[in-house]
Amino acid sequence: MSRRALRALLLLAGASVLLAVWAFPILWGLLTSLKTERDVLAYPPKLIFEPTLANYREVLFGSASILPNLWSSLVVTGITTILTMLLAVPAAYALARLDLPGKRSGGFYVLATQMLPPVGLIIPYFLVLQRVGWLDTYQGMIAIYLTFSLPFAIWLMVSYLEDVPREMEEAALLDRAGRIRTLLYVILPQVRGGIAVTTIFVFLNAWNEFLFAVVLGGNRVRTVNVAMFNFISVEQTLWARLAAAAMIAMAPVIILGLLAQRHIVKGLTVGAVKGGGRR
Amino acid sequence: MARSSDRPTRERRERRFALVLFLPAFLVLAIGTTVPLFYLLWASLWRIDLSMPWLSGFAGLENYAKMAADPRFWNSLGLTVIYTGSTVVFQVVIGLGLALLVLRIPRGQAALRIAAIMPIVLAPVVVGMFWRTLVLPPDYGLLDLVTQALGLGSHNWLGDPQLALVSVITIHTWQWTPFSFLVILASLAALPPDVFEAARIDRANAWRRFIHITLPMIRPAIAIIVIMRMMVALSAFAAIFAATGGGPGTATEILNLYAYRTSFTDLNLGYGAALAVVLLAITLLVSFLMFRLRRAA
């Protein structure tokens with residue numbers, strides 16, 4: 001019995017170490033964001049200190065406010081997400097359910113576009129956007145963001161649409177409901193959850209994007225990730241402030257991640273399961 | 001029997017409807033990924049140097065010939081192999097170990113799962129900055145606090161070339177091991193419990209049970225993880241960029257970063273495009289080999 005208890009204790013200890021390794025840097029960041037710059041550099045580090053919201057105030061309303069950058073991120077990410085869903089849901093329905101000509105190759109094509117390394121595409125994007133004068137514009141950025149969110153959204157939606165029982169659709173069609181009405185009023189309500197999860201993942205991916213944002217953005221359209229990155233290279237020492245900015249930028253993805261936590265595994269492996277052609 | 005006569009038109013109508021639904025997304029992808037891909041191939045045959053625009057012109061295979069004699073390219077290729085190989089192995093081995101451990105914990109699995117999700121949802125660029133400013137700086141970084149407390153001294157984790165490579169590998173492993181952990185945990189939890197019962201009755205020891213029963217059953221999940229994580233590691237960018245920028249010197253400059261720096265720091269887009277083509281070729285080759293291996297298994 002005591003040996004068993006010891007083993008359980010060891011397992012628990014192992015698990016707690018793990019938890020600490022993953023959670024600690026983030027908690028440490030939270031602590032840092034509540035310190036004064038002087039407390040940050042104190043040695044040994046202060047675990048008990050007088051918390052201050054000055055960093056948040058400075059980051060939001062000070063001279064180097066990130067509010068415009070949060071707005072840029074929100075516009076780019078929000079519009080990208082809406083457009084992606086408007087394009088992806090119908091396409092996924094055609095792939096999952098309808099007699100689409102060239103269905104298999106169509107599906108494979110969508111999957112293949114996802115495998116292209118972003119660094120390979122950024123050079124043509126830059127050259128083309130420069131030529132048409134769309135560098136550092138919302139429309140340029142959103143157009144490019146569509147290209148990496150679409151394949152993912154289509155495949156995730158396909159996996160949800162395939163789970164809808166076929167009978168529902170057939171019954172609706174027999175009622176002469178028409179194809180569009182069947183899709184809108186019979187199929188889509190069935191995959192509400194899938195649409196919500198897909199929307200969350202598309203938003204997460206776009207919000208976290210950095211490479212395209214740093215190359216194709218500029219003074220007008222500068223997402224919060226890029227702004228933070230500039231922070232680090234310009235103001236090396238203001239780490240409490242950087243931590244506060246990071247906390248603000250991270251808040252939406254953490255909340256969305258927690259909302260979608262049960263679906264994370266599915267969201268991250270979608271396509272791989274199908275792409276292997278095993279199932 | 002009116003139905004049979006209107007059947008072909010119905011089928012044709014359904015096809016047309018399917019095309020109308022699929023075409024917008026298809027066009028966006030074709031214009032947004034396939035056309036740029038050909039543009040990239042074409043650009044790699046040109047001299048496009050934005051810092052010396054007067055030199056621009058058709059170069060044929062010049063960029064590729066230059067690459068063969070470029071030690072920085074070979075260095076980046078070697079680093080790509082090391083970075084991709086080590087991060088993928090670490091993610092799978094650690095993730096598997098953790099999943100086996102956590103599976104035996106009667107309580108607290110939910111808390112662990114939530115902790116595991118945190119790194120996954122964070123932007124890699126934020127993760128890179130976090131490690132650079134909070135964990136890795138000498139003297140007051142978290143890691144140095146630990147090593148100094150243990151009497152191992154202070155280290156310049158991002159400034160020393162070899163340590164910097166270890167550091168960026170660690171950062172990637174930290175952020176993405178939770179992913180393989182979650183996937184393996186999910187597939188372990190989905191295994192039928194009677195398999196283990198039977199083996200336990202047979203008095204097979206834990207190690208043999210793992211090798212002969214558990215491992216073969218979760219092999220598909222591991223194959224998926226390896227394929228996906230290789231693709232991601234090959235084009236890893238933001239975390240390294242934020243933590244070291246590819247430096248010190250070229251110590252952490254994997255091929256992906258070299259292509260970026262050449263294109264957007266040195267503004268030599270022609271050569272950068274050629275480097276990107278090589279990266280693309282490697283990615284396609286790896287994915288092709290992995291999928292074939294997986295199908296053969």
# chains A, B, ... in the order shown; residues from 1 in each chain; ligands from 1
>>> interface_residues(of="chain B", to="chain A", cutoff="6 Å", atoms="only C-alpha atoms", output="ChimeraX atom specification")
/B:15,18,21-22,25,29,32,36,40,115,123,183,235,276
>>> write_last_selection(atoms="all heavy atoms", output="mmCIF file, in the first residue's frame")
data_model
loop_
_atom_site.group_PDB
_atom_site.id
_atom_site.type_symbol
_atom_site.label_atom_id
_atom_site.label_comp_id
_atom_site.auth_asym_id
_atom_site.auth_seq_id
_atom_site.Cartn_x
_atom_site.Cartn_y
_atom_site.Cartn_z
ATOM 1 N N ARG B 15 -24.180 18.917 -60.336
ATOM 2 C CA ARG B 15 -22.771 19.171 -60.633
ATOM 3 C C ARG B 15 -22.486 20.649 -60.775
ATOM 4 O O ARG B 15 -21.481 21.159 -60.295
ATOM 5 C CB ARG B 15 -22.385 18.471 -61.926
ATOM 6 C CG ARG B 15 -22.215 17.001 -61.749
ATOM 7 C CD ARG B 15 -21.647 16.429 -62.984
ATOM 8 N NE ARG B 15 -21.192 15.091 -62.726
ATOM 9 C CZ ARG B 15 -20.513 14.366 -63.597
ATOM 10 N NH1 ARG B 15 -20.204 14.880 -64.769
ATOM 11 N NH2 ARG B 15 -20.134 13.159 -63.290
ATOM 12 N N ALA B 18 -22.444 22.204 -57.454
ATOM 13 C CA ALA B 18 -21.208 21.891 -56.743
ATOM 14 C C ALA B 18 -20.057 22.766 -57.238
ATOM 15 O O ALA B 18 -19.266 23.294 -56.454
ATOM 16 C CB ALA B 18 -20.854 20.414 -56.918
ATOM 17 N N LEU B 21 -20.234 26.268 -55.966
ATOM 18 C CA LEU B 21 -19.825 26.385 -54.559
ATOM 19 C C LEU B 21 -18.310 26.278 -54.401
ATOM 20 O O LEU B 21 -17.715 26.913 -53.540
ATOM 21 C CB LEU B 21 -20.497 25.292 -53.714
ATOM 22 C CG LEU B 21 -22.003 25.373 -53.546
ATOM 23 C CD1 LEU B 21 -22.482 24.307 -52.582
ATOM 24 C CD2 LEU B 21 -22.433 26.744 -53.057
ATOM 25 N N PHE B 22 -17.688 25.443 -55.225
ATOM 26 C CA PHE B 22 -16.267 25.147 -55.049
ATOM 27 C C PHE B 22 -15.366 26.179 -55.735
ATOM 28 O O PHE B 22 -14.277 26.481 -55.255
ATOM 29 C CB PHE B 22 -15.965 23.743 -55.584
ATOM 30 C CG PHE B 22 -14.557 23.294 -55.338
ATOM 31 C CD1 PHE B 22 -14.106 23.051 -54.047
ATOM 32 C CD2 PHE B 22 -13.667 23.097 -56.393
ATOM 33 C CE1 PHE B 22 -12.808 22.633 -53.801
ATOM 34 C CE2 PHE B 22 -12.368 22.676 -56.158
ATOM 35 C CZ PHE B 22 -11.938 22.444 -54.858
ATOM 36 N N ALA B 25 -13.458 29.405 -53.934
ATOM 37 C CA ALA B 25 -12.313 29.030 -53.093
ATOM 38 C C ALA B 25 -11.170 28.530 -53.972
ATOM 39 O O ALA B 25 -10.000 28.876 -53.755
ATOM 40 C CB ALA B 25 -12.718 27.960 -52.089
ATOM 41 N N LEU B 29 -7.335 30.050 -54.268
ATOM 42 C CA LEU B 29 -6.137 29.246 -54.024
ATOM 43 C C LEU B 29 -5.232 29.189 -55.249
ATOM 44 O O LEU B 29 -4.014 29.234 -55.145
ATOM 45 C CB LEU B 29 -6.524 27.828 -53.589
ATOM 46 C CG LEU B 29 -7.035 27.723 -52.161
ATOM 47 C CD1 LEU B 29 -7.422 26.297 -51.841
ATOM 48 C CD2 LEU B 29 -5.986 28.214 -51.178
ATOM 49 N N GLY B 32 -3.752 32.579 -55.525
ATOM 50 C CA GLY B 32 -2.981 32.930 -54.337
ATOM 51 C C GLY B 32 -1.821 32.008 -54.022
ATOM 52 O O GLY B 32 -0.932 32.378 -53.259
ATOM 53 N N PRO B 36 1.696 32.229 -57.732
ATOM 54 C CA PRO B 36 2.924 32.692 -57.071
ATOM 55 C C PRO B 36 4.041 31.655 -57.091
ATOM 56 O O PRO B 36 5.225 32.008 -57.171
ATOM 57 C CB PRO B 36 2.488 32.965 -55.634
ATOM 58 C CG PRO B 36 1.040 33.206 -55.711
ATOM 59 C CD PRO B 36 0.529 32.390 -56.846
ATOM 60 N N LEU B 40 7.658 32.301 -58.381
ATOM 61 C CA LEU B 40 8.858 32.064 -57.574
ATOM 62 C C LEU B 40 9.928 31.352 -58.406
ATOM 63 O O LEU B 40 11.095 31.751 -58.414
ATOM 64 C CB LEU B 40 8.514 31.227 -56.340
ATOM 65 C CG LEU B 40 9.710 30.833 -55.470
ATOM 66 C CD1 LEU B 40 10.205 32.017 -54.665
ATOM 67 C CD2 LEU B 40 9.355 29.678 -54.539
ATOM 68 N N ALA B 115 -2.897 23.172 -19.422
ATOM 69 C CA ALA B 115 -1.529 23.708 -19.430
ATOM 70 C C ALA B 115 -0.864 23.422 -20.770
ATOM 71 O O ALA B 115 -0.129 24.243 -21.310
ATOM 72 C CB ALA B 115 -0.720 23.095 -18.295
ATOM 73 N N ALA B 123 1.422 32.736 -30.267
ATOM 74 C CA ALA B 123 2.134 33.037 -31.502
ATOM 75 C C ALA B 123 3.608 32.686 -31.326
ATOM 76 O O ALA B 123 4.209 33.068 -30.322
ATOM 77 C CB ALA B 123 1.980 34.516 -31.837
ATOM 78 N N VAL B 183 -1.939 14.590 -28.921
ATOM 79 C CA VAL B 183 -2.363 13.633 -29.947
ATOM 80 C C VAL B 183 -2.144 12.201 -29.470
ATOM 81 O O VAL B 183 -3.018 11.336 -29.611
ATOM 82 C CB VAL B 183 -1.613 13.879 -31.279
ATOM 83 C CG1 VAL B 183 -1.954 12.807 -32.292
ATOM 84 C CG2 VAL B 183 -1.954 15.255 -31.830
ATOM 85 N N SER B 235 9.823 24.857 -42.086
ATOM 86 C CA SER B 235 9.566 26.279 -42.347
ATOM 87 C C SER B 235 9.380 27.065 -41.061
ATOM 88 O O SER B 235 8.679 28.067 -41.048
ATOM 89 C CB SER B 235 8.382 26.437 -43.297
ATOM 90 O OG SER B 235 7.283 25.725 -42.814
ATOM 91 N N ALA B 276 14.648 29.688 -51.648
ATOM 92 C CA ALA B 276 13.296 29.251 -51.303
ATOM 93 C C ALA B 276 12.869 28.066 -52.159
ATOM 94 O O ALA B 276 12.168 27.165 -51.678
ATOM 95 C CB ALA B 276 12.312 30.411 -51.467
#
>>> residues_around(residues="stretch 58-69 of chain B", least_positions_apart="3", cutoff="7 Å", atoms="only C-alpha atoms", output="PyMOL selection string")
chain B and resi 44-47+73+271+274
>>> atom_distance(atom1="atom CA of A:Gly218", atom2="atom CA of A:Leu135")
7.7 Å
>>> residues_around(residues="B:Ile225", least_positions_apart="5", cutoff="9 Å", atoms="only C-alpha atoms", output="JSON, numbers by chain")
{"A": [269, 272], "B": [88, 91, 92, 179, 180, 183, 184, 220, 230]}
>>> write_last_selection(atoms="C-alpha atoms", output="PDB file, in the first residue's frame")
ATOM      1  CA  THR A 269      -4.293  17.107 -37.257  1.00  0.00           C
ATOM      2  CA  ALA A 272      -3.103  14.701 -42.150  1.00  0.00           C
TER       3      ALA A 272
ATOM      4  CA  VAL B  88      10.837  16.143 -34.237  1.00  0.00           C
ATOM      5  CA  GLN B  91       8.684  16.120 -29.555  1.00  0.00           C
ATOM      6  CA  VAL B  92       7.753  12.508 -30.216  1.00  0.00           C
ATOM      7  CA  PHE B 179       0.890  18.959 -29.470  1.00  0.00           C
ATOM      8  CA  SER B 180       2.393  15.483 -29.803  1.00  0.00           C
ATOM      9  CA  VAL B 183      -2.363  13.633 -29.947  1.00  0.00           C
ATOM     10  CA  ILE B 184      -0.688  10.587 -28.391  1.00  0.00           C
ATOM     11  CA  PRO B 220      -0.475   5.753 -37.054  1.00  0.00           C
ATOM     12  CA  MET B 230       8.674  17.890 -40.036  1.00  0.00           C
TER      13      MET B 230
END
>>> atom_distance(atom1="atom CA of B:Arg107", atom2="atom CA of B:Arg219")
26.5 Å
>>> select_by_dssp(residues="stretch 68-238 of chain A", states="alpha helix (DSSP H)", output="PyMOL selection string")
chain A and resi 68-97+103-113+118-132+138-161+166-174+179-181+188-190+192-208+211-216+224-234
>>> closest_residue(among="B:Pro178, B:Ile227, B:Leu185, B:Val28", to="B:Ile114", atoms="only C-alpha atoms")
B:Pro178
>>> residues_around(residues="stretch 80-86 of chain B", least_positions_apart="4", cutoff="10 Å", atoms="only C-alpha atoms", output="count of residues only")
28
>>> residues_around(residues="A:Thr52", least_positions_apart="6", cutoff="10 Å", atoms="only C-alpha atoms", output="list in words")
Ser33, Leu34, Lys35 and Thr36 of chain A
>>> atom_distance(atom1="atom CA of A:Tyr160", atom2="atom CA of B:Leu289")
29.0 Å
